[in-house]
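Structure data (compact mmCIF, C-alpha atoms) from data.txt:
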```
# COMPACT_ATOMS: atom_id res chain seq x y z
CA MET A 1 -78.21 47.73 -49.79
CA SER A 2 -78.96 49.17 -46.36
CA GLU A 3 -75.48 48.58 -44.99
CA PRO A 4 -73.69 51.16 -47.15
CA HIS A 5 -76.59 53.56 -46.75
CA ALA A 6 -75.94 53.76 -43.01
CA LEU A 7 -72.42 55.02 -43.75
CA VAL A 8 -73.53 58.28 -45.34
CA GLY A 9 -72.79 60.35 -42.24
CA ALA A 10 -69.41 58.78 -41.62
CA TYR A 11 -68.57 59.20 -45.28
CA ALA A 12 -69.50 62.89 -45.18
CA LEU A 13 -66.98 63.34 -42.37
CA ASP A 14 -64.26 61.27 -44.05
CA ALA A 15 -64.64 58.91 -41.10
CA VAL A 16 -64.31 55.79 -43.22
CA ASP A 17 -61.39 53.59 -44.14
CA PRO A 18 -60.34 53.28 -47.79
CA HIS A 19 -62.27 50.06 -48.25
CA GLU A 20 -65.48 51.54 -46.90
CA ARG A 21 -64.95 54.66 -48.95
CA ALA A 22 -64.70 52.69 -52.18
CA GLU A 23 -67.70 50.59 -51.25
CA PHE A 24 -69.80 53.59 -50.36
CA GLU A 25 -68.87 55.42 -53.53
CA GLU A 26 -69.96 52.38 -55.48
CA HIS A 27 -73.26 52.50 -53.62
CA LEU A 28 -73.56 56.25 -54.16
CA ARG A 29 -73.75 55.85 -57.92
CA SER A 30 -77.12 54.22 -57.66
CA CYS A 31 -78.57 55.87 -54.57
CA PRO A 32 -80.25 59.27 -55.04
CA ASP A 33 -81.16 59.35 -51.34
CA CYS A 34 -77.54 59.17 -50.26
CA HIS A 35 -76.66 61.79 -52.88
CA ALA A 36 -79.21 64.16 -51.43
CA ASP A 37 -78.12 63.48 -47.84
CA LEU A 38 -74.51 63.98 -48.76
CA ALA A 39 -75.21 67.38 -50.31
CA THR A 40 -76.92 68.67 -47.19
CA PHE A 41 -74.29 67.08 -44.94
CA ALA A 42 -71.52 68.81 -46.88
CA ALA A 43 -73.32 72.11 -46.47
CA THR A 44 -73.64 71.33 -42.76
CA THR A 45 -70.02 70.38 -42.14
CA ALA A 46 -69.00 73.50 -44.06
CA ARG A 47 -70.30 75.46 -41.08
CA LEU A 48 -68.02 73.72 -38.59
CA PRO A 49 -64.64 75.31 -39.46
CA SER A 50 -65.92 78.70 -38.27
CA THR A 51 -65.63 77.37 -34.73
CA VAL A 52 -61.89 76.73 -35.08
CA ALA A 53 -60.84 79.60 -37.35
CA VAL A 54 -57.28 80.80 -36.90
CA ALA A 55 -55.54 83.39 -39.04
CA SER A 56 -53.12 81.72 -41.39
CA PRO A 57 -49.52 82.90 -41.09
CA GLY A 58 -48.46 85.57 -43.55
CA HIS A 59 -45.79 83.39 -45.10
CA VAL A 60 -48.41 80.78 -45.99
CA ARG A 61 -50.39 83.38 -47.90
CA THR A 62 -47.22 84.53 -49.65
CA ALA A 63 -46.31 80.95 -50.58
CA VAL A 64 -49.80 80.20 -51.88
CA LEU A 65 -49.97 83.30 -54.05
CA ALA A 66 -46.46 82.71 -55.36
CA ALA A 67 -47.27 79.10 -56.26
CA VAL A 68 -50.47 80.13 -57.94
CA SER A 69 -48.74 82.63 -60.17
CA THR A 70 -46.67 79.83 -61.71
CA ALA A 71 -49.45 77.26 -62.22
CA ARG A 72 -52.11 77.41 -64.89
CA PRO A 73 -55.65 76.49 -63.77
CA LEU A 74 -56.84 73.28 -65.40
CA PRO A 75 -59.33 73.50 -68.23
CA PRO A 76 -62.94 72.58 -67.44
CA THR A 77 -63.95 69.01 -68.04
CA VAL A 78 -66.58 68.30 -70.64
CA PRO A 79 -69.77 66.90 -69.07
CA VAL A 80 -69.38 63.38 -70.40
CA GLY A 81 -65.84 63.36 -69.11
CA ARG A 82 -66.90 64.42 -65.66
CA HIS A 83 -69.27 61.51 -65.66
CA LEU A 84 -66.54 59.10 -66.59
CA ALA A 85 -64.05 60.63 -64.19
CA GLU A 86 -66.37 60.08 -61.27
CA ARG A 87 -66.86 56.52 -62.19
CA THR A 88 -63.18 56.01 -62.69
CA VAL A 89 -62.06 57.32 -59.36
CA VAL A 90 -63.78 54.68 -57.33
CA GLY A 91 -63.79 50.94 -57.27
CA ARG A 92 -62.17 48.61 -59.69
CA PRO A 93 -61.28 49.73 -63.16
CA ARG A 94 -64.20 48.86 -65.34
CA ARG A 95 -64.07 46.98 -68.54
CA TRP A 96 -62.85 48.81 -71.52
CA LEU A 97 -65.94 48.01 -73.50
CA ALA A 98 -68.20 49.52 -70.88
CA ALA A 99 -66.17 52.68 -70.94
CA SER A 100 -66.22 52.69 -74.67
CA ALA A 101 -69.97 52.39 -74.78
CA ALA A 102 -70.43 55.11 -72.20
CA VAL A 103 -68.54 57.59 -74.27
CA ALA A 104 -69.89 56.83 -77.67
CA ALA A 105 -69.51 60.46 -78.53
CA ALA A 106 -65.83 59.74 -78.50
CA VAL A 107 -64.71 62.23 -75.93
CA ALA A 108 -63.57 61.24 -72.53
CA ILE A 109 -61.16 62.86 -70.25
CA GLY A 110 -60.83 61.67 -66.69
CA ALA A 111 -59.60 63.58 -63.72
CA VAL A 112 -57.42 60.56 -63.08
CA GLY A 113 -54.10 61.57 -64.48
CA ILE A 114 -54.77 65.08 -65.51
CA ASP A 115 -55.51 66.54 -62.13
CA THR A 116 -52.06 65.79 -60.88
CA ALA A 117 -50.39 66.21 -64.20
CA LEU A 118 -49.86 69.89 -64.37
CA ASP A 119 -46.44 71.39 -64.50
CA ARG A 120 -44.61 68.14 -64.08
CA PRO A 121 -41.91 67.53 -66.62
CA GLY A 122 -42.24 64.30 -68.52
CA ASP A 123 -39.76 61.55 -67.87
CA ALA A 124 -37.44 62.15 -70.78
CA SER A 125 -35.46 58.98 -70.15
CA ARG A 126 -38.35 56.69 -70.95
CA PRO A 127 -37.94 54.84 -74.19
CA THR A 128 -40.74 55.70 -76.56
CA ALA A 129 -42.58 53.19 -78.65
CA THR A 130 -42.52 53.91 -82.31
CA THR A 131 -40.93 57.14 -83.21
CA SER A 132 -40.13 56.44 -86.79
CA ALA A 133 -40.62 59.91 -88.17
CA LEU A 134 -40.62 58.64 -91.68
CA ALA A 135 -43.51 56.25 -91.11
CA VAL A 136 -45.48 58.91 -89.25
CA GLU A 137 -45.04 61.28 -92.16
CA ARG A 138 -46.20 58.69 -94.64
CA VAL A 139 -49.44 58.32 -92.70
CA LEU A 140 -49.89 62.04 -92.16
CA ASP A 141 -49.17 62.79 -95.79
CA ASP A 142 -51.74 60.34 -97.08
CA ALA A 143 -54.36 62.59 -98.64
CA ASP A 144 -56.98 59.85 -98.34
CA ALA A 145 -56.33 59.25 -94.66
CA GLU A 146 -59.26 59.46 -92.28
CA ARG A 147 -58.97 62.04 -89.50
CA SER A 148 -60.79 61.79 -86.18
CA GLU A 149 -60.31 64.58 -83.72
CA VAL A 150 -61.12 65.07 -80.06
CA ARG A 151 -60.69 68.29 -78.11
CA VAL A 152 -60.57 68.41 -74.37
CA GLY A 153 -60.11 71.91 -73.00
CA GLU A 154 -57.10 73.23 -74.80
CA ALA A 155 -55.74 69.81 -75.58
CA LYS A 156 -56.40 68.24 -78.94
CA ALA A 157 -55.84 64.67 -80.07
CA THR A 158 -56.19 63.60 -83.68
CA VAL A 159 -56.00 60.10 -85.04
CA VAL A 160 -54.98 59.88 -88.66
CA ARG A 161 -55.60 56.49 -90.21
CA SER A 162 -54.24 55.59 -93.59
CA ASP A 163 -55.85 52.68 -95.40
CA THR A 164 -52.99 52.75 -97.84
CA TRP A 165 -50.43 52.02 -95.15
CA LYS A 166 -52.82 50.22 -92.78
CA ARG A 167 -51.39 52.29 -89.98
CA ALA A 168 -52.62 55.07 -87.75
CA ALA A 169 -50.88 57.98 -86.09
CA LEU A 170 -51.87 59.98 -83.04
CA VAL A 171 -51.16 63.69 -83.12
CA THR A 172 -51.46 65.65 -79.87
CA GLN A 173 -51.43 69.34 -79.09
CA ASN A 174 -51.27 70.91 -75.63
CA MET A 175 -51.45 67.54 -73.96
CA PRO A 176 -50.73 67.88 -70.21
CA ALA A 177 -47.85 65.78 -68.94
CA ALA A 178 -48.65 62.39 -67.41
CA PRO A 179 -48.52 62.30 -63.60
CA GLU A 180 -45.14 61.60 -62.07
CA GLY A 181 -44.24 57.92 -62.18
CA SER A 182 -46.65 57.23 -65.00
CA HIS A 183 -47.00 57.67 -68.72
CA TYR A 184 -49.63 57.62 -71.42
CA ALA A 185 -50.20 54.25 -73.05
CA LEU A 186 -51.90 53.88 -76.41
CA TRP A 187 -54.44 51.25 -77.34
CA MET A 188 -56.41 50.16 -80.34
CA LEU A 189 -59.86 48.72 -79.86
CA THR A 190 -60.72 45.88 -82.23
CA PRO A 191 -64.28 45.16 -83.45
CA ASP A 192 -64.54 42.22 -81.03
CA GLY A 193 -63.73 44.46 -78.09
CA THR A 194 -60.14 43.41 -77.56
CA MET A 195 -57.63 45.99 -76.44
CA LEU A 196 -54.41 45.92 -78.31
CA ALA A 197 -51.33 47.66 -76.95
CA ALA A 198 -50.24 50.24 -79.51
CA GLY A 199 -47.23 51.76 -77.80
CA THR A 200 -46.71 54.72 -75.50
CA MET A 201 -46.74 58.47 -75.90
CA PRO A 202 -43.36 60.11 -75.75
CA PRO A 203 -43.21 62.93 -73.19
CA GLY A 204 -44.13 66.32 -74.54
CA SER A 205 -47.39 68.08 -75.16
CA ASP A 206 -47.18 68.17 -78.95
CA GLN A 207 -46.38 64.84 -80.48
CA ALA A 208 -47.01 62.74 -83.54
CA VAL A 209 -46.71 59.01 -82.85
CA LEU A 210 -47.21 56.05 -85.09
CA LEU A 211 -49.45 53.50 -83.43
CA GLU A 212 -48.04 50.01 -83.36
CA GLY A 213 -49.87 47.37 -85.31
CA ASP A 214 -52.29 47.15 -88.19
CA ALA A 215 -54.89 49.84 -87.69
CA SER A 216 -57.19 49.00 -90.56
CA SER A 217 -59.88 47.32 -88.48
CA ALA A 218 -59.51 49.35 -85.25
CA THR A 219 -62.75 50.96 -84.08
CA ALA A 220 -61.22 53.37 -81.60
CA VAL A 221 -57.94 54.60 -80.22
CA GLY A 222 -57.63 55.17 -76.50
CA VAL A 223 -55.11 56.72 -74.16
CA THR A 224 -54.71 55.52 -70.57
CA VAL A 225 -52.48 56.59 -67.72
CA GLU A 226 -50.24 53.68 -66.78
CA PRO A 227 -47.65 53.41 -64.02
CA ASN A 228 -44.09 53.34 -65.28
CA ALA A 229 -42.58 49.88 -65.45
CA GLN A 230 -40.05 48.81 -62.86
CA GLU A 231 -36.43 49.15 -63.78
CA GLY A 232 -35.38 46.40 -66.15
CA SER A 233 -38.80 44.85 -66.61
CA SER A 234 -40.69 44.75 -69.85
CA ASP A 235 -42.14 48.04 -70.89
CA VAL A 236 -44.97 46.67 -72.96
CA GLU A 237 -48.49 47.05 -71.63
CA ARG A 238 -50.68 44.04 -72.24
CA ALA A 239 -53.93 45.40 -70.88
CA PRO A 240 -54.95 48.81 -69.58
CA THR A 241 -55.15 49.21 -65.82
CA SER A 242 -57.72 51.99 -65.95
CA ASP A 243 -60.36 53.57 -68.14
CA PRO A 244 -59.12 55.72 -70.98
CA ILE A 245 -58.75 59.43 -70.35
CA VAL A 246 -59.25 60.02 -74.04
CA LEU A 247 -61.08 57.78 -76.46
CA ILE A 248 -61.18 58.62 -80.12
CA GLU A 249 -63.65 56.60 -82.14
CA LEU A 250 -62.76 55.91 -85.71
CA GLY A 251 -65.29 56.16 -88.51
CA MET B 1 -75.40 84.13 -63.72
CA GLU B 2 -78.19 82.97 -61.45
CA PRO B 3 -77.82 83.57 -57.73
CA LEU B 4 -76.98 80.69 -55.46
CA PRO B 5 -79.30 79.72 -52.68
CA ARG B 6 -77.96 81.38 -49.56
CA HIS B 7 -77.27 78.59 -47.20
CA ALA B 8 -74.11 80.19 -45.97
CA SER B 9 -74.33 82.67 -43.14
CA ALA B 10 -76.98 85.26 -43.75
CA SER B 11 -75.26 87.99 -41.81
CA PRO B 12 -71.65 89.14 -42.11
CA THR B 13 -69.15 87.50 -39.83
CA SER B 14 -65.59 88.34 -39.01
CA VAL B 15 -64.18 85.25 -40.71
CA GLY B 16 -66.37 84.74 -43.71
CA GLU B 17 -67.32 88.22 -44.71
CA ALA B 18 -67.82 87.45 -48.37
CA ASP B 19 -71.19 85.92 -49.12
CA ALA B 20 -71.83 82.84 -51.24
CA ASP B 21 -72.43 84.78 -54.46
CA ASP B 22 -69.19 86.64 -54.06
CA LEU B 23 -67.20 83.50 -53.42
CA THR B 24 -68.69 81.83 -56.47
CA ALA B 25 -67.79 84.81 -58.62
CA LEU B 26 -64.28 84.89 -57.17
CA LEU B 27 -63.78 81.21 -57.87
CA HIS B 28 -65.08 81.54 -61.43
CA ARG B 29 -62.65 84.37 -62.06
CA SER B 30 -59.86 82.33 -60.48
CA ALA B 31 -60.58 79.54 -62.94
CA ARG B 32 -59.77 82.03 -65.67
CA GLY B 33 -56.43 82.81 -64.08
CA ASP B 34 -57.38 85.92 -62.11
CA GLU B 35 -54.87 85.92 -59.26
CA ALA B 36 -56.35 88.97 -57.54
CA SER B 37 -59.71 87.24 -57.24
CA PHE B 38 -58.00 84.19 -55.87
CA ALA B 39 -56.20 86.31 -53.28
CA ARG B 40 -59.59 87.65 -52.16
CA LEU B 41 -60.98 84.13 -51.99
CA TYR B 42 -58.00 83.23 -49.83
CA GLY B 43 -58.67 86.19 -47.58
CA ALA B 44 -62.31 85.21 -47.13
CA THR B 45 -61.72 81.56 -46.33
CA SER B 46 -58.16 80.93 -45.15
CA ALA B 47 -58.77 81.40 -41.42
CA ARG B 48 -61.29 78.58 -41.47
CA ILE B 49 -59.21 76.36 -43.76
CA HIS B 50 -56.09 76.88 -41.72
CA GLY B 51 -57.93 76.52 -38.43
CA LEU B 52 -59.39 73.25 -39.63
CA ALA B 53 -55.98 72.01 -40.75
CA VAL B 54 -54.42 72.94 -37.39
CA ARG B 55 -57.22 71.30 -35.50
CA VAL B 56 -57.02 68.04 -37.44
CA VAL B 57 -53.29 67.58 -38.02
CA ARG B 58 -52.18 69.45 -34.86
CA ASP B 59 -48.65 69.94 -36.05
CA PRO B 60 -48.33 73.62 -37.12
CA ALA B 61 -45.81 73.01 -39.88
CA GLN B 62 -47.86 70.21 -41.38
CA ALA B 63 -51.02 72.25 -41.05
CA GLU B 64 -49.38 75.00 -43.08
CA GLU B 65 -48.52 72.49 -45.76
CA VAL B 66 -52.10 71.26 -45.84
CA THR B 67 -53.37 74.83 -46.19
CA GLN B 68 -51.01 75.47 -49.08
CA GLU B 69 -51.95 72.23 -50.80
CA VAL B 70 -55.63 72.95 -50.48
CA TYR B 71 -55.35 76.36 -52.12
CA LEU B 72 -53.11 75.13 -54.86
CA GLU B 73 -55.57 72.36 -55.62
CA ALA B 74 -58.44 74.86 -55.51
CA TRP B 75 -56.63 77.09 -57.95
CA ARG B 76 -55.89 74.29 -60.36
CA THR B 77 -59.32 72.70 -60.21
CA ALA B 78 -61.43 75.85 -59.91
CA SER B 79 -62.99 75.19 -63.30
CA ARG B 80 -64.28 71.84 -62.05
CA PHE B 81 -66.33 73.46 -59.31
CA ASP B 82 -70.02 72.98 -60.01
CA SER B 83 -72.21 75.53 -58.25
CA THR B 84 -75.31 73.39 -58.76
CA ARG B 85 -73.84 70.84 -56.36
CA GLY B 86 -73.09 73.10 -53.44
CA SER B 87 -71.39 76.23 -52.25
CA VAL B 88 -67.78 77.21 -52.71
CA GLU B 89 -67.30 76.83 -48.96
CA SER B 90 -68.68 73.30 -49.03
CA TRP B 91 -66.35 72.44 -51.85
CA LEU B 92 -63.28 74.05 -50.28
CA PHE B 93 -63.81 72.69 -46.79
CA THR B 94 -64.56 69.19 -48.06
CA LEU B 95 -61.31 69.32 -49.97
CA ALA B 96 -59.42 70.66 -46.97
CA HIS B 97 -60.87 68.13 -44.56
CA ARG B 98 -60.03 65.21 -46.83
CA ARG B 99 -56.47 66.41 -47.17
CA ALA B 100 -56.01 67.02 -43.46
CA VAL B 101 -57.42 63.60 -42.59
CA ASP B 102 -55.28 61.89 -45.21
CA ARG B 103 -52.30 63.67 -43.74
CA VAL B 104 -52.83 62.55 -40.13
CA ARG B 105 -53.61 59.00 -41.13
CA ALA B 106 -50.55 58.78 -43.36
CA ALA B 107 -48.41 60.25 -40.60
CA GLU B 108 -49.69 57.68 -38.15
CA ALA B 109 -49.11 54.90 -40.62
CA SER B 110 -45.46 55.90 -40.77
CA HIS B 111 -45.27 56.14 -36.98
CA ARG B 112 -45.91 59.85 -36.89
CA ARG B 113 -42.80 60.17 -39.01
CA ASP B 114 -39.40 60.06 -37.43
CA THR B 115 -38.91 63.76 -37.06
CA SER B 116 -38.19 65.05 -33.61
CA TYR B 117 -40.54 67.23 -31.68
CA GLY B 118 -38.22 70.18 -32.21
CA GLU B 119 -38.23 69.77 -35.96
CA ARG B 120 -41.95 69.43 -36.21
CA HIS B 121 -42.53 72.37 -33.98
CA ARG B 122 -40.17 74.70 -35.69
CA GLU B 123 -40.89 78.33 -35.35
CA VAL B 124 -44.07 79.67 -36.84
CA ASP B 125 -44.62 83.39 -37.32
CA HIS B 126 -45.45 84.44 -33.84
CA ASP B 127 -47.68 87.38 -34.55
CA ALA B 128 -49.84 85.31 -36.87
CA THR B 129 -50.55 82.39 -34.57
CA SER B 130 -51.02 84.61 -31.56
CA GLU B 131 -54.12 86.00 -33.16
CA ALA B 132 -55.72 82.90 -31.70
CA ALA B 133 -59.10 81.68 -32.74
CA THR B 134 -61.08 84.29 -34.58
CA ASP B 135 -64.50 84.22 -33.11
CA SER B 136 -67.57 85.27 -34.94
CA LEU B 137 -71.30 85.38 -34.90
CA GLU B 138 -71.29 82.40 -37.20
CA ALA B 139 -69.17 80.39 -34.77
CA ALA B 140 -71.53 81.27 -31.93
CA ARG B 141 -74.48 80.14 -34.02
CA VAL B 142 -72.81 76.84 -34.86
CA ARG B 143 -71.83 76.22 -31.24
CA LYS B 144 -75.38 76.84 -30.18
CA ALA B 145 -76.63 74.33 -32.74
CA LEU B 146 -74.03 71.80 -31.58
CA ASN B 147 -75.40 72.15 -28.07
CA GLN B 148 -78.74 70.84 -29.32
CA LEU B 149 -77.14 67.46 -30.04
CA THR B 150 -77.00 64.67 -27.51
CA GLU B 151 -73.69 64.30 -25.73
CA VAL B 152 -72.84 61.15 -27.68
CA GLN B 153 -73.80 62.66 -31.02
CA ARG B 154 -71.67 65.73 -30.33
CA GLU B 155 -68.67 63.72 -29.21
CA ALA B 156 -68.96 61.35 -32.15
CA LEU B 157 -69.11 64.30 -34.56
CA ARG B 158 -66.22 66.05 -32.88
CA LEU B 159 -63.97 63.00 -32.91
CA ALA B 160 -64.82 62.19 -36.51
CA TYR B 161 -64.62 65.69 -37.95
CA PHE B 162 -61.98 67.45 -35.87
CA GLY B 163 -60.19 64.36 -34.62
CA GLY B 164 -59.97 62.70 -38.01
CA TYR B 165 -60.95 59.33 -36.58
CA THR B 166 -62.90 56.71 -38.50
CA HIS B 167 -66.30 55.68 -37.22
CA THR B 168 -64.89 52.38 -35.95
CA GLU B 169 -62.24 54.28 -34.01
CA VAL B 170 -64.89 56.64 -32.72
CA ALA B 171 -66.92 53.64 -31.52
CA GLU B 172 -63.87 52.34 -29.69
CA LEU B 173 -63.08 55.72 -28.15
CA LEU B 174 -66.63 56.18 -26.92
CA GLY B 175 -67.11 52.59 -25.86
CA LEU B 176 -69.92 52.07 -28.35
CA PRO B 177 -70.70 48.91 -30.30
CA VAL B 178 -69.09 49.21 -33.75
CA GLY B 179 -72.29 49.62 -35.70
CA THR B 180 -73.66 52.42 -33.58
CA ALA B 181 -71.02 55.14 -33.98
CA LYS B 182 -71.90 55.65 -37.63
CA THR B 183 -75.55 55.92 -36.67
CA ARG B 184 -74.76 58.50 -33.98
CA ILE B 185 -72.71 60.43 -36.49
CA ARG B 186 -75.48 60.41 -39.05
CA ASP B 187 -78.15 61.34 -36.53
CA GLY B 188 -75.94 64.09 -35.17
CA LEU B 189 -75.43 65.52 -38.65
CA ILE B 190 -79.15 65.43 -39.33
CA ARG B 191 -79.89 67.25 -36.10
CA LEU B 192 -77.15 69.81 -36.69
CA ARG B 193 -78.36 70.33 -40.24
CA ASP B 194 -81.90 70.96 -39.05
CA HIS B 195 -80.87 73.32 -36.27
CA LEU B 196 -78.73 75.32 -38.66
CA GLY B 197 -81.52 75.40 -41.20
CA VAL B 198 -79.30 74.03 -43.93
CA SER B 199 -81.04 73.11 -47.16
CA ALA B 200 -79.54 71.38 -50.14
```

Target format structure tokens, applied to this file:
Amino acid sequence: MSEPHALVGAYALDAVDPHERAEFEEHLRSCPDCHADLATFAATTARLPSTVAVASPGHVRTAVLAAVSTARPLPPTVPVGRHLAERTVVGRPRRWLAASAAVAAAVAIGAVGIDTALDRPGDASRPTATTSALAVERVLDDADAERSEVRVGEAKATVVRSDTWKRAALVTQNMPAAPEGSHYALWMLTPDGTMLAAGTMPPGSDQAVLLEGDASSATAVGVTVEPNAQEGSSDVERAPTSDPIVLIELG
Amino acid sequence: MEPLPRHASASPTSVGEADADDLTALLHRSARGDEASFARLYGATSARIHGLAVRVVRDPAQAEEVTQEVYLEAWRTASRFDSTRGSVESWLFTLAHRRAVDRVRAAEASHRRDTSYGERHREVDHDATSEAATDSLEAARVRKALNQLTEVQREALRLAYFGGYTHTEVAELLGLPVGTAKTRIRDGLIRLRDHLGVSA
């Protein structure tokens, strides 16, 4: 594709419209030449601001340092997650199966929701899926239950699947809040690659949620960031709108 | 920690006195929550970030917002910075430019917002802005390199980078056929890169 290749300079200067940007980023994935050009162009444009430097007002510095003191820096992304995040940011959401294959190691955290998620309170008014504490406890208490754990930075997600009850629960610790106007949706991946809606995460960083549906044949549990439903419309997700930020494969 | 290739300015300048290694170390410490290091990073880069924001968005109040957003984002995502992909300055200025450009384009989309001139141009600390452009050896070097470009290349670069225009808008502004502005921009960047001796 020579057409997108010609855009490398304009792209380096953000002189592209959103459509061109998406198209070029798609091209960039498979073009080492453009990657190399882009790196040197970024180093080149980084020299330009010196020609327009202006001292920033003192109150801006004060505001920045005050804001910083109340916000925790995000944890680093794991390498496989960075890979997925890059692919997620651009273009159409890819198929779930492709994402699943790409992260066979079972860890995937995208920059998608998390980058903007910090320090935003969850939407407490959202109805949560299955919060039957009793059922969750039955699954968690099952001594024979299978446990699959994924850690991303300081966050930890554990899926506990009980063959006895044919149900699974997701337990989270230090999970950052979903971005404003969105929430975490839960999915179970079936052996034939179908995504089954399994409810939503209630707001809060430390949760134990029972996944909806029979979990006995699920091969993985995924979490996606989904926009909140419009007022009054159905709250049930039928299919994910983006790649999972976390994917926990089950044994 | 291995040293970064020095493609930033080799000699000290009045705006970017910290060298690339220092900035990388400051950013790494910031990622671990070190506010003092972040304050030093701010000191070493904010004149260029803010100058860029002012130049692109024009409106002083909005430029201040852009500057704040950029640093907050840098603080939060410091751990995602990958020194094998480029310098801290590259990373920061790319981030700042994207935000500034998004800001002007969004503002235009909503008809430059419906705020009055007076509101948008509310008072800014006088002593700070009156410092005017901070000149430096580095700026002189970059200007000299820009002078090696053809007139069209230089104008195309200026309109795209500092004006925040897309290459199709640049073509229109310069009376060029649509396909050629992006070529001029690319060629101009290549020539600038070579005159500045930038390597990947």

Subject >> Check: which chain B residues lie within 6 Å of chain A using all atoms listed in the file, as a count of residues only >> reply: 29

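With only C-alpha atoms as the atoms that count, the residue of A:Ala178, A:Val225, A:Val136, A:Ala198 with the shortest distance to Asp243 of chain A is A:Val225.
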
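Here atom CA of Arg103 of chain B is placed at a distance of 7.0 Å from atom CA of Val57 of chain B.
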
- Could you work out how far atom CA of Thr224 of chain A lies from atom CA of Trp91 of chain B, giving the answer in Å with one decimal?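 Those two atoms sit 27.8 Å apart.
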
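What separates atom CA of Leu174 of chain B from atom CA of Glu155 of chain B is a distance of 8.1 Å.
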
For Tyr42 of chain B, which residue out of B:Glu89, B:Asp82, B:Val101, B:Glu65 is the nearest one, using all atoms listed in the file?
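Ranked by minimum distance to Tyr42 of chain B, first place goes to B:Glu89.
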
Residues near Arg191 of chain B, cut-off 9 Å, all atoms listed in the file, skip fewer than 5 positions along chain, as a ChimeraX atom specification = /B:145-146,148-149,186,196

task = Excluding Ser216 of chain A and any residue of its chain fewer than 4 positions from it, enumerate the residues within 7 Å of it, using all atoms listed in the file, and give them as an NGL selection string.
result = :A and (163 or 166-167)

Of B:Ile190, B:Val142, B:Val70, B:Leu26, the one nearest to Ile49 of chain B when counting only C-alpha atoms is B:Val70

Could you check the closest approach to Ala181 of chain B for each of B:Leu157, B:Leu41, B:Val56, B:Ala140 and tell me which residue wins, using only C-alpha atoms?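 Closest to Ala181 of chain B of all the choices is B:Leu157.
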
request  = Considering all atoms listed in the file, return as a PyMOL selection string whatever protein or nucleic-acid residues lie within 7 Å of segment 238-242 of chain A, sequence-local ones (same chain, fewer than 3 positions apart) excluded.
outcome  = chain A and resi 93+195+197+224+226

Residues near His27 of chain A, cut-off 12 Å, only C-alpha atoms, skip fewer than 2 positions along chain, as a ChimeraX atom specification:
/A:1-8,11,20-25,29-35,87,90-91

Give, as JSON, the centre coordinates and the x, y and z edge lengths in Å to one decimal for an axis-aligned box around all listed atoms of segment 185-190 of chain A, padded by 8 Å on each side.
```
{"center_x": -55.5, "center_y": 50.1, "center_z": -77.6, "size_x": 26.5, "size_y": 24.4, "size_z": 25.2}
```

Please rebuild segment 136-147 of chain A with N, CA and C atoms and give the result as a PDB file, keeping the file's coordinate frame.
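Below is the file out-v2.pdb, written as the result:
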```pdb
ATOM      1  N   VAL A 136     -44.442  57.985 -89.683  1.00  0.00           N
ATOM      2  CA  VAL A 136     -45.480  58.910 -89.250  1.00  0.00           C
ATOM      3  C   VAL A 136     -45.827  59.845 -90.404  1.00  0.00           C
ATOM      4  N   GLU A 137     -44.797  60.345 -91.055  1.00  0.00           N
ATOM      5  CA  GLU A 137     -45.040  61.280 -92.160  1.00  0.00           C
ATOM      6  C   GLU A 137     -45.803  60.630 -93.306  1.00  0.00           C
ATOM      7  N   ARG A 138     -45.485  59.374 -93.553  1.00  0.00           N
ATOM      8  CA  ARG A 138     -46.200  58.690 -94.640  1.00  0.00           C
ATOM      9  C   ARG A 138     -47.694  58.661 -94.343  1.00  0.00           C
ATOM     10  N   VAL A 139     -48.023  58.376 -93.071  1.00  0.00           N
ATOM     11  CA  VAL A 139     -49.440  58.320 -92.700  1.00  0.00           C
ATOM     12  C   VAL A 139     -50.057  59.711 -92.762  1.00  0.00           C
ATOM     13  N   LEU A 140     -49.345  60.674 -92.196  1.00  0.00           N
ATOM     14  CA  LEU A 140     -49.890  62.040 -92.160  1.00  0.00           C
ATOM     15  C   LEU A 140     -50.031  62.649 -93.547  1.00  0.00           C
ATOM     16  N   ASP A 141     -49.153  62.215 -94.438  1.00  0.00           N
ATOM     17  CA  ASP A 141     -49.170  62.790 -95.790  1.00  0.00           C
ATOM     18  C   ASP A 141     -50.206  62.137 -96.699  1.00  0.00           C
ATOM     19  N   ASP A 142     -50.778  61.046 -96.240  1.00  0.00           N
ATOM     20  CA  ASP A 142     -51.740  60.340 -97.080  1.00  0.00           C
ATOM     21  C   ASP A 142     -53.009  61.186 -97.230  1.00  0.00           C
ATOM     22  N   ALA A 143     -53.227  61.679 -98.404  1.00  0.00           N
ATOM     23  CA  ALA A 143     -54.360  62.590 -98.640  1.00  0.00           C
ATOM     24  C   ALA A 143     -55.691  61.886 -98.398  1.00  0.00           C
ATOM     25  N   ASP A 144     -55.726  60.577 -98.525  1.00  0.00           N
ATOM     26  CA  ASP A 144     -56.980  59.850 -98.340  1.00  0.00           C
ATOM     27  C   ASP A 144     -57.179  59.388 -96.902  1.00  0.00           C
ATOM     28  N   ALA A 145     -56.240  59.726 -96.048  1.00  0.00           N
ATOM     29  CA  ALA A 145     -56.330  59.250 -94.660  1.00  0.00           C
ATOM     30  C   ALA A 145     -57.556  59.844 -93.972  1.00  0.00           C
ATOM     31  N   GLU A 146     -58.075  59.042 -93.034  1.00  0.00           N
ATOM     32  CA  GLU A 146     -59.260  59.460 -92.280  1.00  0.00           C
ATOM     33  C   GLU A 146     -58.774  60.163 -91.009  1.00  0.00           C
ATOM     34  N   ARG A 147     -59.393  61.280 -90.690  1.00  0.00           N
ATOM     35  CA  ARG A 147     -58.970  62.040 -89.500  1.00  0.00           C
ATOM     36  C   ARG A 147     -60.095  62.105 -88.476  1.00  0.00           C
TER      37      ARG A 147
END
```
